[in-house]
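Below is one structure, written out as structure tokens; comments come after it.
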Amino acid sequence: MHRLLAHPALAPVVLALSTGALVLLRPTFPERWIVHWGVGNVPDGWATRDGLGVFFPVMLGAGIQVFLELMVLLMRSAQRSLDPRLAALGVAQARIAGTMLAVMMGALALALPLLNLQTPWLIILGAFGWVGLLVVVLVVYNRRELARLRAEGVPGLEHYRGILYVNPNDERLWVPKLAGMGWTLNFAHPRAWLLLVVLISPALIAIVALMILPK
């Protein structure tokens with residue numbers, strides 16, 4: 001399954017199929033539907049059956065794929081000194097994420113007109129659930145691949161637990177990523193979890209505020 005999700009052609013195929021479904025089902029869509037909600041769940045953006053907004057989620061998904069493929073190119077450039085098996089691990093992670101995000105954007109493109117939702121809660125819960133599943137898939141994939149690479153004798157993996165670096169004997173808070181590009185937290189460091197909360201809190205607070213503030 002992971003090998004299929006990491007195939008470079010799968011995400012474009014998913015987006016192409018989603019686009020084809022939109023074209024075929026377009027005559028059944030309502031004249032217009034909500035695509036964005038503002039403060040207090042007040043609708044402030046609509047798409048129309050005859051407009052290009054029908055395809056916006058798919059186009060956004062395509063933009064995400066372009067970004068991730070650029071990241072793959074950068075990773076390959078930064079990974080020249082790494083064991084090629086570790087380099088392949090980083091590339092596979094990016095492509096698994098790309099495939100699952102393509103599925104999410106394709107589903108969103110179809111759900112918005114077909115369900116004609118009046119509130120964003122189903123979309124928000126679905127997106128959080130899907131991203132949570134993506135994290136689980138990546139953790140399972142990493143654990144399996146790291147176990148295989150350790151068995152093959154690849155050095156430097158003893159402190160990685162799935163996607164997390166955990167080394168109580170390392171005094172550094174930030175350490176280079178396993179894939180050789182960027183940095184990650186040492187989750188054995190006493191300040192790591194606090195810093196993680198600080199980093200993600202603004203986004204969570206903004207989402208909650210948009211949903212609960214009065215109209």
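Labels for the structure tokens follow display order: chains A, B, ..., residues from 1 in each chain, ligands from 1.
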Task: Neighbour list for region 127-136 of chain A as a PyMOL selection string, cut-off 12 Å, only C-alpha atoms, skip fewer than 4 positions in-chain - done: chain A and resi 2+5+93-105+107-108+120-123+140-143+162-164+204+207
Write to file, as a PDB file, in the first residue's frame, the residues of the selection just made, with C-alpha atoms.
ATOM      1  CA  HIS A   2       2.737   2.465   0.937  1.00  0.00           C
ATOM      2  CA  LEU A   5       0.818   5.760  -2.352  1.00  0.00           C
ATOM      3  CA  GLN A  93       7.275  10.485   2.486  1.00  0.00           C
ATOM      4  CA  ALA A  94       6.723  13.583   0.348  1.00  0.00           C
ATOM      5  CA  ARG A  95       4.917  11.593  -2.339  1.00  0.00           C
ATOM      6  CA  ILE A  96       2.714   9.709   0.129  1.00  0.00           C
ATOM      7  CA  ALA A  97       1.671  13.082   1.554  1.00  0.00           C
ATOM      8  CA  GLY A  98       1.070  14.391  -1.970  1.00  0.00           C
ATOM      9  CA  THR A  99      -1.168  11.473  -2.923  1.00  0.00           C
ATOM     10  CA  MET A 100      -3.303  11.707   0.207  1.00  0.00           C
ATOM     11  CA  LEU A 101      -3.645  15.490  -0.134  1.00  0.00           C
ATOM     12  CA  ALA A 102      -4.674  15.023  -3.770  1.00  0.00           C
ATOM     13  CA  VAL A 103      -7.435  12.659  -2.624  1.00  0.00           C
ATOM     14  CA  MET A 104      -8.560  15.225  -0.046  1.00  0.00           C
ATOM     15  CA  MET A 105      -8.704  18.088  -2.558  1.00  0.00           C
ATOM     16  CA  ALA A 107     -13.078  14.892  -2.557  1.00  0.00           C
ATOM     17  CA  LEU A 108     -13.526  18.519  -1.450  1.00  0.00           C
ATOM     18  CA  PRO A 120     -18.097  24.385   7.275  1.00  0.00           C
ATOM     19  CA  TRP A 121     -18.026  21.906  10.162  1.00  0.00           C
ATOM     20  CA  LEU A 122     -18.179  18.738   8.063  1.00  0.00           C
ATOM     21  CA  ILE A 123     -15.322  20.013   5.905  1.00  0.00           C
ATOM     22  CA  VAL A 140       3.602   3.454  10.247  1.00  0.00           C
ATOM     23  CA  TYR A 141       5.615   3.750   7.035  1.00  0.00           C
ATOM     24  CA  ASN A 142       8.576   5.312   8.838  1.00  0.00           C
ATOM     25  CA  ARG A 143       8.593   2.691  11.589  1.00  0.00           C
ATOM     26  CA  GLY A 162       8.935   6.760  13.484  1.00  0.00           C
ATOM     27  CA  ILE A 163       9.029  10.405  12.434  1.00  0.00           C
ATOM     28  CA  LEU A 164      10.341  11.606  15.819  1.00  0.00           C
ATOM     29  CA  LEU A 204      -5.455  26.334  16.242  1.00  0.00           C
ATOM     30  CA  ILE A 207      -9.455  28.232  13.484  1.00  0.00           C
TER      31      ILE A 207
END
TODO: Report the residues of region 26-177 of chain A whose backbone DSSP state falls under helix (DSSP H, G or I), written as an NGL selection string.
DONE: :A and (26-28 or 39-41 or 52-78 or 84-115 or 121-151)
- [ ] Enumerate the residues of region 8-148 of chain A with a DSSP assignment of strand (DSSP E or B), computed from the backbone, and present them as a ChimeraX atom specification.
- [x] /A:32-37,43-48
Go ahead and save the residues from that selection, with N, CA, C and O atoms, as a PDB file, in the first residue's frame.
ATOM      1  N   ARG A  32     -25.360  27.806  -7.694  1.00  0.00           N
ATOM      2  CA  ARG A  32     -24.195  28.272  -6.948  1.00  0.00           C
ATOM      3  C   ARG A  32     -24.180  27.605  -5.586  1.00  0.00           C
ATOM      4  O   ARG A  32     -25.197  27.093  -5.108  1.00  0.00           O
ATOM      5  N   TRP A  33     -23.008  27.589  -4.949  1.00  0.00           N
ATOM      6  CA  TRP A  33     -22.864  26.957  -3.638  1.00  0.00           C
ATOM      7  C   TRP A  33     -21.752  27.664  -2.868  1.00  0.00           C
ATOM      8  O   TRP A  33     -20.882  28.329  -3.434  1.00  0.00           O
ATOM      9  N   ILE A  34     -21.806  27.498  -1.558  1.00  0.00           N
ATOM     10  CA  ILE A  34     -20.841  28.160  -0.675  1.00  0.00           C
ATOM     11  C   ILE A  34     -19.497  27.436  -0.750  1.00  0.00           C
ATOM     12  O   ILE A  34     -19.439  26.209  -0.700  1.00  0.00           O
ATOM     13  N   VAL A  35     -18.432  28.218  -0.856  1.00  0.00           N
ATOM     14  CA  VAL A  35     -17.092  27.637  -0.856  1.00  0.00           C
ATOM     15  C   VAL A  35     -16.209  28.228   0.241  1.00  0.00           C
ATOM     16  O   VAL A  35     -15.095  27.762   0.466  1.00  0.00           O
ATOM     17  N   HIS A  36     -16.711  29.256   0.937  1.00  0.00           N
ATOM     18  CA  HIS A  36     -15.909  29.853   2.009  1.00  0.00           C
ATOM     19  C   HIS A  36     -16.827  30.490   3.041  1.00  0.00           C
ATOM     20  O   HIS A  36     -17.871  31.042   2.707  1.00  0.00           O
ATOM     21  N   TRP A  37     -16.419  30.339   4.307  1.00  0.00           N
ATOM     22  CA  TRP A  37     -17.133  30.945   5.418  1.00  0.00           C
ATOM     23  C   TRP A  37     -16.182  31.848   6.184  1.00  0.00           C
ATOM     24  O   TRP A  37     -15.002  31.522   6.362  1.00  0.00           O
ATOM     25  N   PRO A  43     -21.265  32.745   5.427  1.00  0.00           N
ATOM     26  CA  PRO A  43     -20.755  32.520   4.064  1.00  0.00           C
ATOM     27  C   PRO A  43     -20.287  33.823   3.436  1.00  0.00           C
ATOM     28  O   PRO A  43     -20.981  34.839   3.492  1.00  0.00           O
ATOM     29  N   ASP A  44     -19.109  33.817   2.848  1.00  0.00           N
ATOM     30  CA  ASP A  44     -18.606  35.015   2.181  1.00  0.00           C
ATOM     31  C   ASP A  44     -17.920  34.691   0.853  1.00  0.00           C
ATOM     32  O   ASP A  44     -17.214  35.523   0.286  1.00  0.00           O
ATOM     33  N   GLY A  45     -18.132  33.466   0.358  1.00  0.00           N
ATOM     34  CA  GLY A  45     -17.577  33.106  -0.936  1.00  0.00           C
ATOM     35  C   GLY A  45     -18.429  32.019  -1.578  1.00  0.00           C
ATOM     36  O   GLY A  45     -18.863  31.084  -0.896  1.00  0.00           O
ATOM     37  N   TRP A  46     -18.693  32.163  -2.882  1.00  0.00           N
ATOM     38  CA  TRP A  46     -19.527  31.202  -3.599  1.00  0.00           C
ATOM     39  C   TRP A  46     -18.858  30.804  -4.918  1.00  0.00           C
ATOM     40  O   TRP A  46     -18.049  31.561  -5.471  1.00  0.00           O
ATOM     41  N   ALA A  47     -19.186  29.635  -5.395  1.00  0.00           N
ATOM     42  CA  ALA A  47     -18.803  29.205  -6.740  1.00  0.00           C
ATOM     43  C   ALA A  47     -20.076  28.993  -7.539  1.00  0.00           C
ATOM     44  O   ALA A  47     -21.138  28.694  -6.973  1.00  0.00           O
ATOM     45  N   THR A  48     -20.002  29.176  -8.847  1.00  0.00           N
ATOM     46  CA  THR A  48     -21.155  28.976  -9.714  1.00  0.00           C
ATOM     47  C   THR A  48     -20.897  27.802 -10.652  1.00  0.00           C
ATOM     48  O   THR A  48     -19.751  27.486 -10.965  1.00  0.00           O
TER      49      THR A  48
END
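Distance-wise, CA of Leu115 (chain A) and CA of Ile205 (chain A) end up 27.5 Å apart.
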Open item on the list: Between A:Asp83, A:Arg172, A:Gln65, A:Ala192, which residue has the minimum interatomic distance to Gly153 (chain A), considering only C-alpha atoms?
Closed with: A:Asp83
